[in-house]
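Novice: Structure below; questions to follow.
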Amino acid sequence: MKGFHPRHFRLVGKKIEATLCSLLPNENDSPRVLHQAMRYAVLSGGKRIRPILTLGACQAVSGKQADAMFAACALEMIHSYSLVHDDLPCMDNDMIRRGKPSCHAKFGEVTALLAGDALLTKAFNVLSHKGGSKHLQAIQWISEAIGNKGMVGGQALDIQFQGKKLDLPILRQINANKSGALIAVCTRVGAYLGCGTKHQVSSLHRYGKYVGLLFQIVDDIMDGQGYARALGIQKAREEATLILAKAKRELLPFGTRGHFLKDIADFIATRKY
């Protein structure tokens with residue numbers, strides 16, 4: 001994973017896609033509609049940023065892709081479950097996801113709800129597949145990152161403050177939990193499963209936190225919400241530049257092994273879609 005190239009990005013993505021296909025239930029197995037909805041939610045596009053970050057962190061500490069591939073795919077399943085639930089009528093009520101009908105728009109609200117539940121459960125089944133103390137630690141970190149003090153807690157805060165003017169501390173708390181926590185745990189788990197040292201795991205976890213924040217700021221700049229509204233477009237861009245520099249600083253000790261993660265951060269900072 002030395003250096004970033006769109007073709008290399010696609011190659012890593014294809015390996016993740018193939019593994020996801022093999023781990024998800026067969027759509028012809030009963031209950032068919034549930035399994036079809038699960039596969040639709042996961043395999044209907046997406047840039048696979050989270051699993052790619054997981055594998056990038058693993059290789060940054062000289063681990064092998066195989067060491068973290070199951071965890072990477074489990075994290076993508078968790079991300080997909082969160083999108084399915086976010087799109088539901090009781091939440092954001094979005095009918096389109098990645099240019100296609102959202103899961104509930106295609107399969108109905110009840111099936112989409114169950115598909116999200118099943119994906120979350122399947123993710124932890126995948127995480128526990130290899131067993132051992134390393135995977136138990138990874139499960140603990142991931143469950144913390146996506147629970148009441150992480151992703152779900154951030155969503156709850158977002159609902160609580162919906163329609164209200166947000167000050168910057170609350171906005172940062174919402175985004176650090178709602179979207180940032182899952183991204184940050186990807187690099188933490190990837191480095192840990194790649195047998196990184198405690199210092200390396202901590203550095204890549206901080207990198208992940210910065211990248212998670214960067215991801216959200218860029219999103220807000222593109223749609224004129226969140227940071228763009230609170231700070232103004234220009235200030236938000238300056239904030240993104242500062243966060244990008246902090247993320248790259250965490251990669252300096254890794255030398256060339258950190259180039260792929262550095263270029264992913266650049267990709268996130270400059271994306272237009």
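Residue names in the structure tokens use chain letters A, B, ... in the order shown, residue numbers from 1 in each chain, and ligand numbers from 1 in the order shown.
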As a VMD selection string, please: the residues near Leu119 of chain A (cut-off 6 Å, only C-alpha atoms, same-chain neighbours under 2 positions excluded).
Specialist: chain A and resid 77 81 116 to 117 121 to 122
Novice: Could those selected residues go to a file with C-alpha atoms, as an mmCIF file, in the first residue's frame?
Specialist:
```cif
data_model
loop_
_atom_site.group_PDB
_atom_site.id
_atom_site.type_symbol
_atom_site.label_atom_id
_atom_site.label_comp_id
_atom_site.auth_asym_id
_atom_site.auth_seq_id
_atom_site.Cartn_x
_atom_site.Cartn_y
_atom_site.Cartn_z
ATOM 1 C CA MET A 77 -21.456 -3.940 7.799
ATOM 2 C CA TYR A 81 -26.585 -0.865 9.182
ATOM 3 C CA GLY A 116 -30.102 -3.230 9.817
ATOM 4 C CA ASP A 117 -30.464 -5.266 13.010
ATOM 5 C CA THR A 121 -25.461 -8.761 14.633
ATOM 6 C CA LYS A 122 -23.654 -10.323 11.658
#
```
Novice: Please, which residues of segment 67-204 of chain A, numbered as in this document, come out strand (DSSP E or B) from DSSP, as an mmCIF file with C-alpha atoms, in the first residue's frame?
Specialist:
```cif
data_model
loop_
_atom_site.group_PDB
_atom_site.id
_atom_site.type_symbol
_atom_site.label_atom_id
_atom_site.label_comp_id
_atom_site.auth_asym_id
_atom_site.auth_seq_id
_atom_site.Cartn_x
_atom_site.Cartn_y
_atom_site.Cartn_z
ATOM 1 C CA ILE A 96 -32.410 7.650 -2.078
ATOM 2 C CA ARG A 97 -29.039 6.285 -0.995
ATOM 3 C CA LYS A 100 -30.518 4.158 -5.715
ATOM 4 C CA PRO A 101 -33.685 3.581 -3.673
#
```
Novice: Name the residues of segment 132-251 of chain A that fall into helix (DSSP H, G or I) according to DSSP on the backbone, using the chain letters and numbers of this document, as number ranges by chain.
Specialist: A: 132-146, 151-160, 168-193, 198-223, 226-231, 233-249
